[in-house]
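Colleague: Got a structure for you, entry_11.pdb, holding PDB, C-alpha atoms.
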```pdb
ATOM      1  CA  MET A   1     -52.367  16.404 -12.069
ATOM      2  CA  LEU A   2     -49.760  13.940 -10.822
ATOM      3  CA  SER A   3     -51.353  13.554  -7.385
ATOM      4  CA  SER A   4     -54.811  12.929  -8.847
ATOM      5  CA  ALA A   5     -53.372  10.356 -11.295
ATOM      6  CA  LEU A   6     -51.633   8.659  -8.337
ATOM      7  CA  THR A   7     -54.897   8.603  -6.408
ATOM      8  CA  PHE A   8     -56.685   7.143  -9.459
ATOM      9  CA  ALA A   9     -54.095   4.363  -9.833
ATOM     10  CA  ILE A  10     -54.191   3.533  -6.107
ATOM     11  CA  ALA A  11     -58.007   3.420  -6.190
ATOM     12  CA  CYS A  12     -57.912   1.139  -9.268
ATOM     13  CA  PHE A  13     -55.529  -1.316  -7.623
ATOM     14  CA  ALA A  14     -57.499  -1.271  -4.353
ATOM     15  CA  LEU A  15     -60.700  -2.059  -6.274
ATOM     16  CA  ALA A  16     -58.829  -4.815  -8.145
ATOM     17  CA  LEU A  17     -57.769  -6.281  -4.787
ATOM     18  CA  LEU A  18     -61.392  -6.306  -3.617
ATOM     19  CA  LEU A  19     -62.464  -8.056  -6.848
ATOM     20  CA  ASN A  20     -59.695 -10.615  -6.244
ATOM     21  CA  LEU A  21     -61.004 -11.254  -2.730
ATOM     22  CA  TRP A  22     -64.449 -11.903  -4.214
ATOM     23  CA  ARG A  23     -62.935 -14.313  -6.751
ATOM     24  CA  LEU A  24     -60.979 -16.046  -3.963
ATOM     25  CA  ALA A  25     -64.184 -16.577  -1.979
ATOM     26  CA  THR A  26     -66.116 -17.986  -4.960
ATOM     27  CA  ALA A  27     -63.344 -19.787  -6.898
ATOM     28  CA  PRO A  28     -64.525 -23.108  -8.357
ATOM     29  CA  SER A  29     -61.205 -24.983  -8.436
ATOM     30  CA  MET A  30     -57.732 -25.089  -6.905
ATOM     31  CA  PRO A  31     -55.704 -23.575  -9.830
ATOM     32  CA  ASP A  32     -58.148 -20.640  -9.789
ATOM     33  CA  ARG A  33     -57.320 -19.995  -6.146
ATOM     34  CA  ILE A  34     -53.563 -20.112  -6.835
ATOM     35  CA  LEU A  35     -54.026 -17.741  -9.784
ATOM     36  CA  THR A  36     -56.077 -15.372  -7.629
ATOM     37  CA  VAL A  37     -53.479 -15.299  -4.849
ATOM     38  CA  ASP A  38     -50.752 -14.676  -7.467
ATOM     39  CA  THR A  39     -52.765 -11.745  -8.849
ATOM     40  CA  MET A  40     -53.314 -10.426  -5.318
ATOM     41  CA  VAL A  41     -49.543 -10.457  -4.696
ATOM     42  CA  ILE A  42     -48.957  -8.505  -7.924
ATOM     43  CA  ASN A  43     -51.649  -5.954  -7.000
ATOM     44  CA  ILE A  44     -50.174  -5.553  -3.508
ATOM     45  CA  ILE A  45     -46.736  -4.924  -5.083
ATOM     46  CA  ALA A  46     -48.275  -2.163  -7.203
ATOM     47  CA  LEU A  47     -50.026  -0.688  -4.142
ATOM     48  CA  ILE A  48     -46.782  -0.650  -2.095
ATOM     49  CA  VAL A  49     -44.831   1.026  -4.906
ATOM     50  CA  LEU A  50     -47.556   3.611  -5.600
ATOM     51  CA  TYR A  51     -47.833   4.408  -1.889
ATOM     52  CA  GLY A  52     -44.068   4.901  -1.795
ATOM     53  CA  ALA A  53     -44.325   7.254  -4.785
ATOM     54  CA  GLN A  54     -47.085   9.223  -3.022
ATOM     55  CA  THR A  55     -45.199   9.635   0.246
ATOM     56  CA  GLY A  56     -41.797  10.089  -1.399
ATOM     57  CA  THR A  57     -40.098   7.184   0.380
ATOM     58  CA  THR A  58     -38.119   4.367  -1.257
ATOM     59  CA  THR A  59     -38.265   1.831   1.589
ATOM     60  CA  GLY A  60     -41.234   0.071   0.023
ATOM     61  CA  LEU A  61     -39.254  -0.920  -3.088
ATOM     62  CA  ASP A  62     -37.192  -3.491  -1.156
ATOM     63  CA  ILE A  63     -40.368  -4.918   0.383
ATOM     64  CA  ALA A  64     -41.976  -5.065  -3.067
ATOM     65  CA  MET A  65     -38.996  -6.935  -4.542
ATOM     66  CA  LEU A  66     -39.043  -9.494  -1.689
ATOM     67  CA  LEU A  67     -42.805  -9.910  -2.145
ATOM     68  CA  ALA A  68     -42.388 -10.449  -5.912
ATOM     69  CA  MET A  69     -39.838 -13.228  -5.360
ATOM     70  CA  THR A  70     -41.879 -14.878  -2.580
ATOM     71  CA  GLY A  71     -45.067 -14.767  -4.642
ATOM     72  CA  PHE A  72     -43.431 -16.305  -7.710
ATOM     73  CA  VAL A  73     -41.742 -19.126  -5.778
ATOM     74  CA  SER A  74     -44.917 -19.940  -3.823
ATOM     75  CA  THR A  75     -46.988 -20.055  -7.038
ATOM     76  CA  ILE A  76     -44.523 -22.446  -8.692
ATOM     77  CA  ALA A  77     -44.305 -24.595  -5.543
ATOM     78  CA  PHE A  78     -48.080 -24.860  -5.225
ATOM     79  CA  CYS A  79     -48.416 -25.815  -8.914
ATOM     80  CA  LYS A  80     -45.711 -28.468  -8.513
ATOM     81  CA  PHE A  81     -47.583 -29.801  -5.499
ATOM     82  CA  LEU A  82     -50.803 -30.063  -7.528
ATOM     83  CA  LEU A  83     -49.006 -31.717 -10.455
ATOM     84  CA  ARG A  84     -46.923 -34.315  -8.662
ATOM     85  CA  GLY A  85     -48.071 -34.475  -5.048
ATOM     86  CA  GLY A  86     -44.670 -33.212  -3.926
ATOM     87  CA  ILE A  87     -42.567 -30.101  -4.370
ATOM     88  CA  ILE A  88     -39.010 -31.497  -4.523
ATOM     89  CA  GLU A  89     -38.573 -34.495  -6.828
TER      90      GLU A  89
ATOM     91  CA  MET B  90     -40.796  19.010 -12.948
ATOM     92  CA  SER B  91     -41.708  20.034 -16.467
ATOM     93  CA  LEU B  92     -45.207  19.652 -17.861
ATOM     94  CA  ALA B  93     -44.249  17.004 -20.433
ATOM     95  CA  VAL B  94     -42.719  14.737 -17.788
ATOM     96  CA  GLU B  95     -45.787  15.201 -15.608
ATOM     97  CA  ILE B  96     -48.114  14.284 -18.495
ATOM     98  CA  LEU B  97     -45.983  11.188 -19.265
ATOM     99  CA  ILE B  98     -46.016   9.985 -15.644
ATOM    100  CA  SER B  99     -49.759  10.655 -15.301
ATOM    101  CA  ALA B 100     -50.528   8.761 -18.523
ATOM    102  CA  LEU B 101     -48.432   5.807 -17.336
ATOM    103  CA  LEU B 102     -50.247   5.835 -13.981
ATOM    104  CA  VAL B 103     -53.699   5.930 -15.574
ATOM    105  CA  ILE B 104     -52.757   3.147 -18.037
ATOM    106  CA  GLY B 105     -51.345   1.066 -15.177
ATOM    107  CA  GLY B 106     -54.372   1.456 -12.932
ATOM    108  CA  GLY B 107     -56.776   0.756 -15.790
ATOM    109  CA  PHE B 108     -54.957  -2.400 -16.875
ATOM    110  CA  GLY B 109     -54.731  -3.666 -13.293
ATOM    111  CA  LEU B 110     -58.465  -3.190 -12.852
ATOM    112  CA  ILE B 111     -59.204  -4.857 -16.220
ATOM    113  CA  GLY B 112     -57.061  -7.843 -15.234
ATOM    114  CA  SER B 113     -58.920  -8.434 -11.979
ATOM    115  CA  LEU B 114     -62.281  -7.838 -13.656
ATOM    116  CA  GLY B 115     -61.402 -10.436 -16.292
ATOM    117  CA  LEU B 116     -60.368 -12.873 -13.570
ATOM    118  CA  LEU B 117     -63.793 -12.417 -12.052
ATOM    119  CA  LYS B 118     -65.950 -12.381 -15.193
ATOM    120  CA  LEU B 119     -64.426 -14.886 -17.645
ATOM    121  CA  ARG B 120     -66.193 -18.230 -17.798
ATOM    122  CA  ASP B 121     -63.632 -21.019 -18.137
ATOM    123  CA  GLY B 122     -60.585 -21.807 -16.030
ATOM    124  CA  MET B 123     -58.273 -21.644 -19.042
ATOM    125  CA  GLN B 124     -59.859 -18.325 -20.133
ATOM    126  CA  ARG B 125     -59.337 -16.939 -16.634
ATOM    127  CA  LEU B 126     -55.593 -17.533 -17.031
ATOM    128  CA  HIS B 127     -55.431 -14.811 -19.695
ATOM    129  CA  ALA B 128     -56.499 -11.757 -17.722
ATOM    130  CA  PRO B 129     -54.045 -11.737 -14.761
ATOM    131  CA  THR B 130     -51.008 -13.023 -16.649
ATOM    132  CA  LYS B 131     -51.284 -10.369 -19.350
ATOM    133  CA  ALA B 132     -53.325  -7.342 -18.308
ATOM    134  CA  THR B 133     -52.182  -7.202 -14.688
ATOM    135  CA  THR B 134     -48.535  -7.611 -15.715
ATOM    136  CA  VAL B 135     -48.799  -4.652 -18.098
ATOM    137  CA  GLY B 136     -50.605  -2.623 -15.418
ATOM    138  CA  VAL B 137     -48.072  -3.250 -12.696
ATOM    139  CA  GLY B 138     -45.195  -2.685 -15.144
ATOM    140  CA  ALA B 139     -46.551   0.721 -16.183
ATOM    141  CA  SER B 140     -47.162   1.652 -12.531
ATOM    142  CA  LEU B 141     -43.629   0.648 -11.503
ATOM    143  CA  ILE B 142     -42.036   2.636 -14.352
ATOM    144  CA  ALA B 143     -44.240   5.642 -13.500
ATOM    145  CA  ALA B 144     -43.270   5.425  -9.812
ATOM    146  CA  ALA B 145     -39.551   5.219 -10.693
ATOM    147  CA  LEU B 146     -39.897   8.231 -13.040
ATOM    148  CA  ALA B 147     -41.822  10.211 -10.394
ATOM    149  CA  THR B 148     -39.171   9.510  -7.735
ATOM    150  CA  TYR B 149     -36.418  10.555 -10.166
ATOM    151  CA  ALA B 150     -38.254  13.741 -11.166
ATOM    152  CA  GLN B 151     -39.006  14.744  -7.569
ATOM    153  CA  THR B 152     -35.772  13.918  -5.765
ATOM    154  CA  GLY B 153     -33.227  13.772  -8.594
ATOM    155  CA  THR B 154     -31.852  10.400  -7.477
ATOM    156  CA  ALA B 155     -32.493   7.395  -9.709
ATOM    157  CA  THR B 156     -33.648   4.172  -8.067
ATOM    158  CA  TRP B 157     -33.341   1.050 -10.183
ATOM    159  CA  GLN B 158     -35.337  -1.209  -7.876
ATOM    160  CA  GLY B 159     -38.631  -0.301  -9.580
ATOM    161  CA  VAL B 160     -37.331  -1.180 -13.043
ATOM    162  CA  MET B 161     -35.778  -4.370 -11.629
ATOM    163  CA  ILE B 162     -39.107  -5.421 -10.067
ATOM    164  CA  ALA B 163     -40.848  -4.738 -13.394
ATOM    165  CA  ALA B 164     -38.278  -6.842 -15.285
ATOM    166  CA  PHE B 165     -38.620  -9.640 -12.713
ATOM    167  CA  LEU B 166     -42.416  -9.634 -13.019
ATOM    168  CA  PHE B 167     -42.229  -9.635 -16.837
ATOM    169  CA  LEU B 168     -39.886 -12.635 -16.649
ATOM    170  CA  THR B 169     -41.879 -14.637 -14.101
ATOM    171  CA  ALA B 170     -45.470 -14.029 -15.291
ATOM    172  CA  PRO B 171     -45.219 -16.436 -18.286
ATOM    173  CA  LEU B 172     -43.614 -19.105 -16.091
ATOM    174  CA  SER B 173     -46.332 -18.990 -13.447
ATOM    175  CA  GLY B 174     -48.945 -18.917 -16.230
ATOM    176  CA  LEU B 175     -47.418 -22.034 -17.779
ATOM    177  CA  MET B 176     -47.355 -23.865 -14.435
ATOM    178  CA  LEU B 177     -50.962 -22.886 -13.714
ATOM    179  CA  ALA B 178     -52.059 -24.093 -17.158
ATOM    180  CA  LYS B 179     -50.294 -27.411 -16.548
ATOM    181  CA  ALA B 180     -51.961 -27.773 -13.128
ATOM    182  CA  HIS B 181     -55.376 -26.926 -14.597
ATOM    183  CA  ARG B 182     -54.920 -29.401 -17.450
ATOM    184  CA  HIS B 183     -53.699 -32.090 -15.061
ATOM    185  CA  LEU B 184     -56.694 -31.679 -12.764
ATOM    186  CA  SER B 185     -59.426 -31.381 -15.421
ATOM    187  CA  GLN B 186     -58.004 -34.049 -17.840
ATOM    188  CA  PRO B 187     -59.632 -32.933 -21.130
ATOM    189  CA  LYS B 188     -59.500 -35.144 -24.216
ATOM    190  CA  LEU B 189     -56.521 -34.036 -26.297
ATOM    191  CA  PRO B 190     -55.693 -35.091 -29.884
ATOM    192  CA  VAL B 191     -52.750 -37.438 -30.320
ATOM    193  CA  THR B 192     -49.410 -35.703 -30.702
ATOM    194  CA  GLY B 193     -48.310 -37.789 -33.689
ATOM    195  CA  THR B 194     -44.881 -38.391 -32.205
ATOM    196  CA  ALA B 195     -43.521 -40.677 -29.525
ATOM    197  CA  ALA B 196     -43.459 -37.829 -26.996
ATOM    198  CA  PRO B 197     -46.587 -37.088 -24.937
ATOM    199  CA  TRP B 198     -48.096 -33.634 -24.458
ATOM    200  CA  ALA B 199     -46.044 -31.238 -22.369
ATOM    201  CA  GLY B 200     -47.023 -31.564 -18.720
ATOM    202  CA  GLU B 201     -48.593 -34.973 -19.201
ATOM    203  CA  ILE B 202     -47.537 -37.616 -16.725
ATOM    204  CA  PRO B 203     -45.753 -40.319 -18.768
ATOM    205  CA  PRO B 204     -47.007 -43.875 -18.214
ATOM    206  CA  LYS B 205     -45.057 -46.080 -15.847
ATOM    207  CA  ARG B 206     -42.831 -48.629 -17.585
TER     208      ARG B 206
END
```
Could you render the structure from this file as structure tokens?
Modeller:
Amino acid sequence: MLSSALTFAIACFALALLLNLWRLATAPSMPDRILTVDTMVINIIALIVLYGAQTGTTTGLDIAMLLAMTGFVSTIAFCKFLLRGGIIE
Amino acid sequence: MSLAVEILISALLVIGGGFGLIGSLGLLKLRDGMQRLHAPTKATTVGVGASLIAAALATYAQTGTATWQGVMIAAFLFLTAPLSGLMLAKAHRHLSQPKLPVTGTAAPWAGEIPPKR
């Protein structure tokens, strides 16, 4: 039961990543693209952690934490760039 | 691993995968830019949080060693999702410039560029 639930969750997040790619290709404005890339980072974090749970390794957790921090900082920096035309005021 | 723990982890995994899929589907299907902010900042955060807690529980139940990185990533994502949502809303409002009602005070709307003195 646990392995099939893991497979279901991995399939859901993979499908979500494909839907995000579609949104990224057809996004109408710049904040939509930033939002889509932020969502893609979150889905990739979930995929890394679920893959680690399936294979029984914990190496992916460090990668996921680094990816979470990088994704958050890049989202904030891109929004600051759109708001003010510069990142550091 | 006992049956109750297995049912709990499986339910968390199914909830997490479903919410992650709903978040991306909402990002694709909602009409307005401001409406599209709702789906990833709420549904996807819940989905990834449930998945991270389920993965941490599964690792603890299988190997017997607790790893706190999963719970820490979940806490970090729950802290940062509202902040990135706020910044994205400010960027969207700044770029689209809708007509807003007056605030009634001397202060402008949050995120509005104050006029040069």
Colleague: Please evaluate the PyMOL selection byres ((chain B) within 7 of (chain A)) against the structure above and give the resulting residues as a PyMOL selection string.
Modeller: chain B and resi 95+99+102-103+105-107+109-110+113-114+117+122+129+137+140-141+144+147-148+158-159+162+169+173+176-177+180-181+183
Colleague: Quote the spacing between CA of Ala145 (chain B) and CA of Pro171 (chain B) in Å to one decimal place.
Modeller: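 Rounded to one decimal, the two atoms are 23.6 Å apart.
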Colleague: Could you tell me how far CA of Leu116 (chain B) sits from CA of Ile48 (chain A), in Å to one decimal place?
Modeller: 21.6 Å
Colleague: To one decimal place in Å, what is the distance between CA of Ile104 (chain B) and CA of His127 (chain B)?
Modeller: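 Computed distance, CA of Ile104 (chain B) to CA of His127 (chain B), equals 18.2 Å.
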Colleague: Would you please work out which residue, of B:Met123, B:Thr130, B:Ile142, B:Trp157, is nearest to Leu97 (chain B) when using only C-alpha atoms?
Modeller: B:Ile142
Colleague: Any idea what's packed within 10 Å of Met90 (chain B), counting only C-alpha atoms, ignoring anything in its chain fewer than 3 positions away? Could you give it as a list in words?
Modeller: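 My reading of the contact set: Ala93, Val94, Glu95, Ala147, Tyr149, Ala150 and Gln151 of chain B.
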Colleague: Extending 4 Å beyond the listed atoms of region 143-158 of chain B on each side, what axis-aligned box results? I want centre and edge lengths in Å to one decimal, as AutoDock Vina command-line options.
Modeller:
```
--center_x -38.0 --center_y 6.8 --center_z -9.6 --size_x 20.4 --size_y 24.0 --size_z 15.7
```
